[in-house]
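Structure data (mmCIF, C-alpha atoms) from start_37.cif:
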data_coords
#
loop_
_atom_site.label_atom_id
_atom_site.label_comp_id
_atom_site.auth_asym_id
_atom_site.auth_seq_id
_atom_site.Cartn_x
_atom_site.Cartn_y
_atom_site.Cartn_z
CA MET T 1335 -7.52 -21.51 -7.80
CA LEU T 1336 -5.39 -18.36 -7.80
CA LYS T 1337 -6.84 -15.68 -10.08
CA ALA T 1338 -5.50 -12.34 -8.80
CA LEU T 1339 -2.79 -10.62 -6.80
CA ILE T 1340 -3.82 -7.42 -5.03
CA PHE T 1341 -1.16 -4.95 -3.89
CA ASP T 1342 -0.99 -2.02 -1.55
CA MET T 1343 1.34 0.69 -2.93
CA ASP T 1344 3.51 2.57 -0.41
CA GLY T 1345 5.83 0.23 1.43
CA THR T 1346 4.68 -2.71 -0.68
CA LEU T 1347 5.39 -2.01 -4.34
CA VAL T 1348 8.14 0.38 -3.33
CA HIS T 1349 10.07 1.30 -0.19
CA SER T 1350 8.66 4.83 -0.08
CA ASP T 1351 8.44 5.31 3.68
CA PRO T 1352 11.65 7.41 3.99
CA ALA T 1353 10.31 9.87 1.40
CA HIS T 1354 6.94 10.06 3.15
CA LEU T 1355 8.59 10.63 6.52
CA GLU T 1356 10.70 13.44 5.12
CA ALA T 1357 7.66 15.02 3.46
CA PHE T 1358 5.68 14.94 6.72
CA ALA T 1359 8.66 16.40 8.62
CA HIS T 1360 9.06 19.21 6.10
CA THR T 1361 5.34 20.03 6.13
CA LEU T 1362 4.70 19.83 9.86
CA GLY T 1363 7.99 21.22 11.15
CA PRO T 1364 6.65 24.82 11.10
CA GLN T 1365 3.87 23.62 13.44
CA GLY T 1366 6.50 22.40 15.91
CA ILE T 1367 5.75 18.73 15.24
CA VAL T 1368 8.74 16.38 15.11
CA ILE T 1369 8.12 13.36 12.92
CA SER T 1370 10.25 10.66 14.52
CA GLU T 1371 10.51 7.15 13.13
CA ASP T 1372 8.46 5.90 16.07
CA LEU T 1373 5.67 8.42 15.44
CA TYR T 1374 5.73 7.55 11.74
CA ARG T 1375 5.47 3.82 12.47
CA THR T 1376 2.69 4.11 15.04
CA SER T 1377 0.55 6.99 13.77
CA ILE T 1378 1.17 7.45 10.06
CA ILE T 1379 1.96 4.17 8.24
CA GLY T 1380 -1.23 2.89 6.63
CA HIS T 1381 -3.48 5.71 7.84
CA THR T 1382 -5.44 8.10 5.65
CA ASN T 1383 -4.37 11.74 5.42
CA GLU T 1384 -7.71 12.68 6.94
CA SER T 1385 -7.01 10.71 10.12
CA ILE T 1386 -3.29 11.63 10.24
CA PHE T 1387 -3.79 15.38 10.13
CA ALA T 1388 -6.80 15.25 12.43
CA ALA T 1389 -4.61 13.51 15.02
CA LEU T 1390 -1.50 15.66 14.56
CA LEU T 1391 -3.24 19.03 14.13
CA PRO T 1392 -6.35 18.73 16.31
CA HIS T 1393 -6.34 22.48 17.04
CA LEU T 1394 -6.86 23.35 13.36
CA PRO T 1395 -10.11 23.14 11.37
CA VAL T 1396 -10.64 20.42 8.77
CA GLU T 1397 -10.10 22.88 5.94
CA GLU T 1398 -6.54 23.53 7.13
CA HIS T 1399 -5.93 19.79 7.53
CA GLU T 1400 -6.68 19.49 3.83
CA VAL T 1401 -4.26 22.29 2.98
CA TYR T 1402 -1.48 20.62 4.97
CA ALA T 1403 -2.27 17.27 3.35
CA GLU T 1404 -1.93 18.80 -0.12
CA ARG T 1405 1.40 20.39 0.86
CA LYS T 1406 2.68 17.08 2.22
CA GLU T 1407 1.69 15.15 -0.91
CA ALA T 1408 3.33 17.76 -3.16
CA ALA T 1409 6.52 17.47 -1.10
CA PHE T 1410 6.38 13.68 -1.34
CA ARG T 1411 6.02 13.74 -5.11
CA ARG T 1412 9.15 15.87 -5.37
CA LEU T 1413 11.06 13.45 -3.14
CA ALA T 1414 9.80 10.30 -4.90
CA LEU T 1415 11.48 10.80 -8.27
CA GLU T 1416 14.28 8.28 -7.62
CA LEU T 1417 12.17 5.45 -6.20
CA LYS T 1418 12.55 1.93 -7.60
CA PRO T 1419 10.27 -1.14 -7.47
CA LEU T 1420 10.80 -3.46 -4.52
CA GLU T 1421 13.19 -6.31 -5.30
CA GLY T 1422 11.53 -9.07 -7.31
CA LEU T 1423 8.32 -7.13 -8.06
CA LEU T 1424 8.69 -6.98 -11.83
CA GLU T 1425 9.57 -10.67 -12.01
CA LEU T 1426 6.43 -11.45 -9.99
CA PHE T 1427 4.34 -9.36 -12.38
CA ASP T 1428 5.79 -11.21 -15.38
CA TRP T 1429 5.14 -14.56 -13.70
CA ALA T 1430 1.51 -13.57 -13.05
CA ASP T 1431 0.98 -12.26 -16.58
CA ALA T 1432 2.32 -15.46 -18.11
CA ARG T 1433 -0.25 -17.46 -16.14
CA GLY T 1434 -3.26 -15.21 -16.64
CA ILE T 1435 -3.24 -14.05 -13.03
CA ARG T 1436 -4.67 -10.55 -12.82
CA LEU T 1437 -3.17 -7.64 -10.88
CA ALA T 1438 -4.95 -5.00 -8.82
CA LEU T 1439 -3.89 -2.02 -6.72
CA VAL T 1440 -5.58 -1.01 -3.45
CA THR T 1441 -4.12 2.07 -1.76
CA ASN T 1442 -5.06 4.77 0.72
CA ALA T 1443 -3.05 7.19 -1.41
CA PRO T 1444 -4.88 9.80 -3.49
CA LEU T 1445 -5.13 9.24 -7.25
CA LEU T 1446 -2.55 11.92 -8.05
CA ASN T 1447 0.05 10.24 -5.85
CA ALA T 1448 -0.75 6.77 -7.10
CA THR T 1449 -0.47 7.86 -10.72
CA HIS T 1450 2.82 9.64 -10.00
CA ILE T 1451 4.38 6.66 -8.21
CA LEU T 1452 3.21 4.07 -10.72
CA ASP T 1453 4.60 6.20 -13.55
CA ILE T 1454 7.97 6.54 -11.78
CA LEU T 1455 8.10 2.77 -11.25
CA GLY T 1456 7.07 2.13 -14.85
CA ILE T 1457 4.14 -0.10 -13.89
CA THR T 1458 1.08 2.06 -14.54
CA ASP T 1459 -0.33 -0.30 -17.17
CA ARG T 1460 0.28 -3.50 -15.22
CA PHE T 1461 -2.86 -3.20 -13.07
CA GLU T 1462 -6.29 -4.15 -14.38
CA VAL T 1463 -7.98 -2.52 -11.38
CA LYS T 1464 -6.77 0.45 -9.34
CA ILE T 1465 -8.58 1.51 -6.16
CA THR T 1466 -7.42 4.77 -4.55
CA ILE T 1467 -8.79 6.62 -1.54
CA ASP T 1468 -10.71 8.95 -3.86
CA GLN T 1469 -12.88 6.10 -5.15
CA VAL T 1470 -14.29 4.73 -1.89
CA GLU T 1471 -16.26 6.16 1.00
CA ARG T 1472 -13.98 4.57 3.59
CA GLY T 1473 -10.28 3.78 3.41
CA LYS T 1474 -8.28 1.07 5.17
CA PRO T 1475 -8.53 -0.34 7.83
CA ASP T 1476 -12.10 -0.68 6.55
CA PRO T 1477 -12.27 -3.63 4.12
CA LEU T 1478 -14.26 -1.59 1.58
CA PRO T 1479 -11.28 -0.82 -0.73
CA TYR T 1480 -10.41 -4.53 -0.99
CA LEU T 1481 -14.04 -5.56 -1.36
CA THR T 1482 -14.38 -3.02 -4.16
CA ALA T 1483 -11.33 -4.45 -5.95
CA ILE T 1484 -12.64 -8.00 -5.61
CA GLU T 1485 -16.01 -6.93 -7.00
CA ARG T 1486 -14.44 -5.17 -9.99
CA LEU T 1487 -12.26 -8.18 -10.71
CA GLY T 1488 -15.34 -10.39 -10.59
CA ILE T 1489 -13.70 -12.97 -8.31
CA ARG T 1490 -14.10 -14.41 -4.83
CA ALA T 1491 -11.81 -13.44 -1.97
CA GLU T 1492 -10.38 -16.96 -1.75
CA GLU T 1493 -9.18 -16.62 -5.36
CA ALA T 1494 -6.80 -13.74 -4.58
CA ILE T 1495 -3.75 -12.95 -2.46
CA ALA T 1496 -3.07 -9.53 -0.93
CA PHE T 1497 0.22 -7.81 -0.11
CA GLU T 1498 0.36 -5.21 2.67
CA ASP T 1499 2.97 -3.49 4.85
CA SER T 1500 0.86 -1.75 7.52
CA PRO T 1501 -1.48 -2.80 10.34
CA SER T 1502 -4.41 -0.86 8.88
CA GLY T 1503 -3.89 -2.39 5.44
CA MET T 1504 -3.50 -5.88 6.83
CA LYS T 1505 -6.66 -5.53 8.90
CA ALA T 1506 -8.53 -4.40 5.79
CA ALA T 1507 -7.27 -7.28 3.67
CA LYS T 1508 -8.05 -9.90 6.30
CA ALA T 1509 -11.50 -8.42 6.97
CA ALA T 1510 -12.17 -8.79 3.23
CA GLY T 1511 -11.31 -12.49 3.51
CA LEU T 1512 -7.96 -12.44 1.68
CA PHE T 1513 -4.90 -14.60 2.27
CA SER T 1514 -2.32 -11.90 2.93
CA PHE T 1515 1.43 -11.44 2.89
CA GLY T 1516 3.01 -8.84 5.16
CA VAL T 1517 5.86 -7.00 3.41
CA LEU T 1518 8.60 -6.08 5.89
CA THR T 1519 9.66 -2.66 4.65
CA GLY T 1520 8.65 -0.78 7.78
CA LEU T 1521 7.37 -3.15 10.46
CA SER T 1522 8.57 -6.45 11.90
CA ALA T 1523 7.23 -9.90 11.12
CA ALA T 1524 5.84 -10.08 14.65
CA GLU T 1525 3.96 -6.79 14.25
CA LEU T 1526 2.33 -7.81 10.98
CA THR T 1527 1.60 -11.35 12.10
CA LYS T 1528 -0.13 -9.93 15.17
CA VAL T 1529 -2.61 -8.06 12.97
CA GLY T 1530 -3.33 -11.06 10.75
CA ALA T 1531 -0.59 -11.63 8.16
CA ASP T 1532 -0.65 -15.24 6.97
CA ARG T 1533 3.02 -15.05 5.92
CA THR T 1534 5.68 -12.33 5.90
CA ILE T 1535 8.34 -11.55 3.28
CA GLU T 1536 11.18 -9.06 2.95
CA THR T 1537 11.12 -8.95 -0.86
CA PHE T 1538 9.19 -10.59 -3.67
CA ARG T 1539 12.01 -13.08 -4.13
CA ASP T 1540 11.45 -14.72 -0.74
CA HIS T 1541 10.99 -18.50 -0.83
CA ALA T 1542 7.93 -18.25 1.43
CA LEU T 1543 6.08 -16.33 -1.27
CA TRP T 1544 6.87 -18.66 -4.14
CA GLU T 1545 6.02 -21.72 -2.12
CA VAL T 1546 2.51 -20.37 -1.52
CA LEU T 1547 2.07 -19.15 -5.11
CA GLU T 1548 2.99 -22.50 -6.65
CA ARG T 1549 0.76 -24.37 -4.22
CA ARG T 1550 -2.20 -22.06 -4.82
CA LEU T 1551 -1.72 -22.23 -8.58
CA ALA T 1552 -1.81 -26.00 -8.50
CA ALA T 1553 -4.91 -26.18 -6.29
#

Give the structure from this file in structure tokens form.
Amino acid sequence: MLKALIFDMDGTLVHSDPAHLEAFAHTLGPQGIVISEDLYRTSIIGHTNESIFAALLPHLPVEEHEVYAERKEAAFRRLALELKPLEGLLELFDWADARGIRLALVTNAPLLNATHILDILGITDRFEVKITIDQVERGKPDPLPYLTAIERLGIRAEEAIAFEDSPSGMKAAKAAGLFSFGVLTGLSAAELTKVGADRTIETFRDHALWEVLERRLAA
């Protein structure tokens, strides 16, 4: 029985990767670091700020990593003002609400960013549970954020479906025991299938999604 849908945020609810890439480029340019699309795809998508800045600025102390992370997130929030929900998202939310299927958010983003993005998208109040990186000891790819969401929802993993766009997020969702859709906003179907995606979709209007939802609802 399907009881909940659990969503990542960046690249899943919204195609925010271009704004993130630009924010990283703006913040790290003075350090001589060029943020190419390839670097963004391989070393940034789905990772925590802690791991990103440790990898890109290994010569600086942790305290300065935190300063750069705060600068990057501030730059991202300025760039994110025109973002829109991914195609079909609001219709999916309405479908879930009409059937008593609960919604949860699980993101490696900090609370300030999550609140900012959800407000811009107009969906802050749609989620019963919101798990941000600030609330857990370990972020994705560790399954802890998803396990925490499942616990707060009071359901079993087999009663939920997850939506992710990154390898680290997909690994976390699968390690938590969730049937998971890979959202193709940044990576290919092959890349997400390789790390465990059960199905892949380009938007929330894809037939592959609705086929699974209707089947799970009827189970």

Show which residues sit within 10 Å of Ile1435 in chain T, as a PDB file with C-alpha atoms, in the coordinates of the input. Count only C-alpha atoms, and ignore same-chain residues fewer than 3 positions away.
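That gives us out-v6.pdb:
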ATOM      1  CA  LEU T1336      -5.390 -18.360  -7.800  1.00  0.00           C
ATOM      2  CA  LYS T1337      -6.840 -15.680 -10.080  1.00  0.00           C
ATOM      3  CA  ALA T1338      -5.500 -12.340  -8.800  1.00  0.00           C
ATOM      4  CA  LEU T1339      -2.790 -10.620  -6.800  1.00  0.00           C
ATOM      5  CA  PHE T1427       4.340  -9.360 -12.380  1.00  0.00           C
ATOM      6  CA  ASP T1428       5.790 -11.210 -15.380  1.00  0.00           C
ATOM      7  CA  TRP T1429       5.140 -14.560 -13.700  1.00  0.00           C
ATOM      8  CA  ALA T1430       1.510 -13.570 -13.050  1.00  0.00           C
ATOM      9  CA  ASP T1431       0.980 -12.260 -16.580  1.00  0.00           C
ATOM     10  CA  ALA T1432       2.320 -15.460 -18.110  1.00  0.00           C
ATOM     11  CA  ALA T1494      -6.800 -13.740  -4.580  1.00  0.00           C
ATOM     12  CA  LEU T1551      -1.720 -22.230  -8.580  1.00  0.00           C
TER      13      LEU T1551
END

Contacts of range 1524-1534 of chain T at 7 Å (only C-alpha atoms; same-chain gap of 2+ positions) as number ranges by chain: T: 1501, 1504-1505, 1508, 1513-1518, 1521-1522

For range 1362-1375 of chain T: contacts at 9 Å, only C-alpha atoms, fewer than 6 positions along chain excluded, given as a ChimeraX atom specification: /T:1351,1355-1356,1390-1391,1402,1406,1500,1520-1521

Explicit residue set for the PyMOL selection byres ((chain T and resi 1487) around 10), as a PyMOL selection string: chain T and resi 1337-1338+1436-1438+1462-1463+1481-1486+1488-1490+1494

Top pick for closest residue to Pro1352 in chain T, considering T:Val1396, T:Thr1376, T:Thr1519, T:Gly1511 and counting only C-alpha atoms: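 Counting only C-alpha atoms, the residue closest to Pro1352 in chain T is T:Thr1519.
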
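Between CA of Leu1455 in chain T and CA of Ala1506 in chain T the interatomic distance comes to 24.9 Å.
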
Can you give me, as a compact mmCIF listing (two decimals) with C-alpha atoms, keeping the file's coordinate frame, the residues this file yields under the PyMOL selection byres ((chain T and resi 1415) around 10)?
# COMPACT_ATOMS: atom_id res chain seq x y z
CA ALA T 1353 10.31 9.87 1.40
CA PHE T 1410 6.38 13.68 -1.34
CA ARG T 1411 6.02 13.74 -5.11
CA ARG T 1412 9.15 15.87 -5.37
CA LEU T 1413 11.06 13.45 -3.14
CA ALA T 1414 9.80 10.30 -4.90
CA GLU T 1416 14.28 8.28 -7.62
CA LEU T 1417 12.17 5.45 -6.20
CA LYS T 1418 12.55 1.93 -7.60
CA HIS T 1450 2.82 9.64 -10.00
CA ILE T 1451 4.38 6.66 -8.21
CA ASP T 1453 4.60 6.20 -13.55
CA ILE T 1454 7.97 6.54 -11.78
CA LEU T 1455 8.10 2.77 -11.25

Atomic distance CA of Glu1548 in chain T - CA of Ala1510 in chain T, expressed in Å with one decimal: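 The value is 22.7 Å.
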
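Nearest to Val1440 in chain T of all the residues T:Ala1408, T:Ile1465, T:Ile1535, T:Ala1553 is T:Ile1465, based on only C-alpha atoms.
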
Applied to this file, what does the PyMOL selection byres ((chain T and resi 1380) around 9) return in terms of residues, put as a PDB file with C-alpha atoms, in the frame of the given file?
ATOM      1  CA  ASP T1344       3.510   2.570  -0.410  1.00  0.00           C
ATOM      2  CA  ARG T1375       5.470   3.820  12.470  1.00  0.00           C
ATOM      3  CA  SER T1377       0.550   6.990  13.770  1.00  0.00           C
ATOM      4  CA  ILE T1378       1.170   7.450  10.060  1.00  0.00           C
ATOM      5  CA  ILE T1379       1.960   4.170   8.240  1.00  0.00           C
ATOM      6  CA  HIS T1381      -3.480   5.710   7.840  1.00  0.00           C
ATOM      7  CA  THR T1382      -5.440   8.100   5.650  1.00  0.00           C
ATOM      8  CA  THR T1441      -4.120   2.070  -1.760  1.00  0.00           C
ATOM      9  CA  ASN T1442      -5.060   4.770   0.720  1.00  0.00           C
ATOM     10  CA  LYS T1474      -8.280   1.070   5.170  1.00  0.00           C
ATOM     11  CA  PRO T1475      -8.530  -0.340   7.830  1.00  0.00           C
ATOM     12  CA  ASP T1499       2.970  -3.490   4.850  1.00  0.00           C
ATOM     13  CA  SER T1500       0.860  -1.750   7.520  1.00  0.00           C
ATOM     14  CA  PRO T1501      -1.480  -2.800  10.340  1.00  0.00           C
ATOM     15  CA  SER T1502      -4.410  -0.860   8.880  1.00  0.00           C
ATOM     16  CA  GLY T1503      -3.890  -2.390   5.440  1.00  0.00           C
TER      17      GLY T1503
END

Would you list the residues near (6.6, 0.4, -7.8) (no more than 10 Å away, in the coordinates of the file, using only C-alpha atoms) as a PDB file with C-alpha atoms, in the frame of the given file?
ATOM      1  CA  MET T1343       1.340   0.690  -2.930  1.00  0.00           C
ATOM      2  CA  ASP T1344       3.510   2.570  -0.410  1.00  0.00           C
ATOM      3  CA  GLY T1345       5.830   0.230   1.430  1.00  0.00           C
ATOM      4  CA  THR T1346       4.680  -2.710  -0.680  1.00  0.00           C
ATOM      5  CA  LEU T1347       5.390  -2.010  -4.340  1.00  0.00           C
ATOM      6  CA  VAL T1348       8.140   0.380  -3.330  1.00  0.00           C
ATOM      7  CA  HIS T1349      10.070   1.300  -0.190  1.00  0.00           C
ATOM      8  CA  SER T1350       8.660   4.830  -0.080  1.00  0.00           C
ATOM      9  CA  LEU T1417      12.170   5.450  -6.200  1.00  0.00           C
ATOM     10  CA  LYS T1418      12.550   1.930  -7.600  1.00  0.00           C
ATOM     11  CA  PRO T1419      10.270  -1.140  -7.470  1.00  0.00           C
ATOM     12  CA  LEU T1420      10.800  -3.460  -4.520  1.00  0.00           C
ATOM     13  CA  GLU T1421      13.190  -6.310  -5.300  1.00  0.00           C
ATOM     14  CA  LEU T1423       8.320  -7.130  -8.060  1.00  0.00           C
ATOM     15  CA  LEU T1424       8.690  -6.980 -11.830  1.00  0.00           C
ATOM     16  CA  ALA T1448      -0.750   6.770  -7.100  1.00  0.00           C
ATOM     17  CA  ILE T1451       4.380   6.660  -8.210  1.00  0.00           C
ATOM     18  CA  LEU T1452       3.210   4.070 -10.720  1.00  0.00           C
ATOM     19  CA  ASP T1453       4.600   6.200 -13.550  1.00  0.00           C
ATOM     20  CA  ILE T1454       7.970   6.540 -11.780  1.00  0.00           C
ATOM     21  CA  LEU T1455       8.100   2.770 -11.250  1.00  0.00           C
ATOM     22  CA  GLY T1456       7.070   2.130 -14.850  1.00  0.00           C
ATOM     23  CA  ILE T1457       4.140  -0.100 -13.890  1.00  0.00           C
ATOM     24  CA  THR T1458       1.080   2.060 -14.540  1.00  0.00           C
TER      25      THR T1458
END

Atomic distance CA of Leu1512 in chain T - CA of Glu1498 in chain T, expressed in Å with one decimal: 11.1 Å

Nearest-residue call for Phe1358 in chain T, choices T:Ala1403, T:Leu1426, T:Ala1507, T:Leu1543, using all atoms listed in the file: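 Distance minimum relative to Phe1358 in chain T lands on T:Ala1403.
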
Add whatever atoms are absent from range 1376-1393 of chain T to reach N, CA, C and O atoms, and provide the output as a short mmCIF file (atom, residue, chain, number, x, y, z; two decimals), in the frame of the given file.
data_model
loop_
_atom_site.label_atom_id
_atom_site.label_comp_id
_atom_site.auth_asym_id
_atom_site.auth_seq_id
_atom_site.Cartn_x
_atom_site.Cartn_y
_atom_site.Cartn_z
N THR T 1376 3.89 4.36 14.23
CA THR T 1376 2.69 4.11 15.04
C THR T 1376 1.47 4.92 14.60
O THR T 1376 0.33 4.47 14.80
N SER T 1377 1.68 6.09 14.03
CA SER T 1377 0.55 6.99 13.77
C SER T 1377 0.35 7.41 12.33
O SER T 1377 -0.63 8.09 12.02
N ILE T 1378 1.27 7.00 11.44
CA ILE T 1378 1.17 7.45 10.06
C ILE T 1378 1.08 6.29 9.08
O ILE T 1378 0.22 6.30 8.18
N ILE T 1379 1.95 5.29 9.20
CA ILE T 1379 1.96 4.17 8.24
C ILE T 1379 0.57 3.56 8.12
O ILE T 1379 -0.04 3.14 9.11
N GLY T 1380 0.05 3.54 6.90
CA GLY T 1380 -1.23 2.89 6.63
C GLY T 1380 -2.47 3.70 6.91
O GLY T 1380 -3.57 3.28 6.57
N HIS T 1381 -2.32 4.88 7.52
CA HIS T 1381 -3.48 5.71 7.84
C HIS T 1381 -3.81 6.65 6.68
O HIS T 1381 -2.96 6.99 5.87
N THR T 1382 -5.05 7.11 6.64
CA THR T 1382 -5.44 8.10 5.65
C THR T 1382 -4.95 9.48 6.07
O THR T 1382 -4.75 9.74 7.26
N ASN T 1383 -4.76 10.36 5.10
CA ASN T 1383 -4.37 11.74 5.42
C ASN T 1383 -5.40 12.39 6.34
O ASN T 1383 -5.04 13.17 7.23
N GLU T 1384 -6.65 12.10 6.12
CA GLU T 1384 -7.71 12.68 6.94
C GLU T 1384 -7.48 12.37 8.42
O GLU T 1384 -7.52 13.25 9.28
N SER T 1385 -7.20 11.09 8.72
CA SER T 1385 -7.01 10.71 10.12
C SER T 1385 -5.66 11.19 10.66
O SER T 1385 -5.55 11.56 11.83
N ILE T 1386 -4.63 11.19 9.80
CA ILE T 1386 -3.29 11.63 10.24
C ILE T 1386 -3.31 13.09 10.68
O ILE T 1386 -2.85 13.44 11.77
N PHE T 1387 -3.83 13.96 9.82
CA PHE T 1387 -3.79 15.38 10.13
C PHE T 1387 -4.80 15.76 11.22
O PHE T 1387 -4.56 16.71 11.98
N ALA T 1388 -5.88 15.01 11.33
CA ALA T 1388 -6.80 15.25 12.43
C ALA T 1388 -6.13 14.94 13.76
O ALA T 1388 -6.33 15.64 14.77
N ALA T 1389 -5.29 13.89 13.79
CA ALA T 1389 -4.61 13.51 15.02
C ALA T 1389 -3.45 14.44 15.35
O ALA T 1389 -3.22 14.78 16.52
N LEU T 1390 -2.70 14.86 14.32
CA LEU T 1390 -1.50 15.66 14.56
C LEU T 1390 -1.79 17.16 14.68
O LEU T 1390 -1.00 17.89 15.29
N LEU T 1391 -2.89 17.61 14.09
CA LEU T 1391 -3.24 19.03 14.13
C LEU T 1391 -4.67 19.21 14.64
O LEU T 1391 -5.52 19.81 13.98
N PRO T 1392 -4.97 18.69 15.83
CA PRO T 1392 -6.35 18.73 16.31
C PRO T 1392 -6.86 20.13 16.58
O PRO T 1392 -8.08 20.35 16.65
N HIS T 1393 -5.95 21.10 16.73
CA HIS T 1393 -6.34 22.48 17.04
C HIS T 1393 -6.74 23.27 15.79
O HIS T 1393 -7.22 24.39 15.90
#
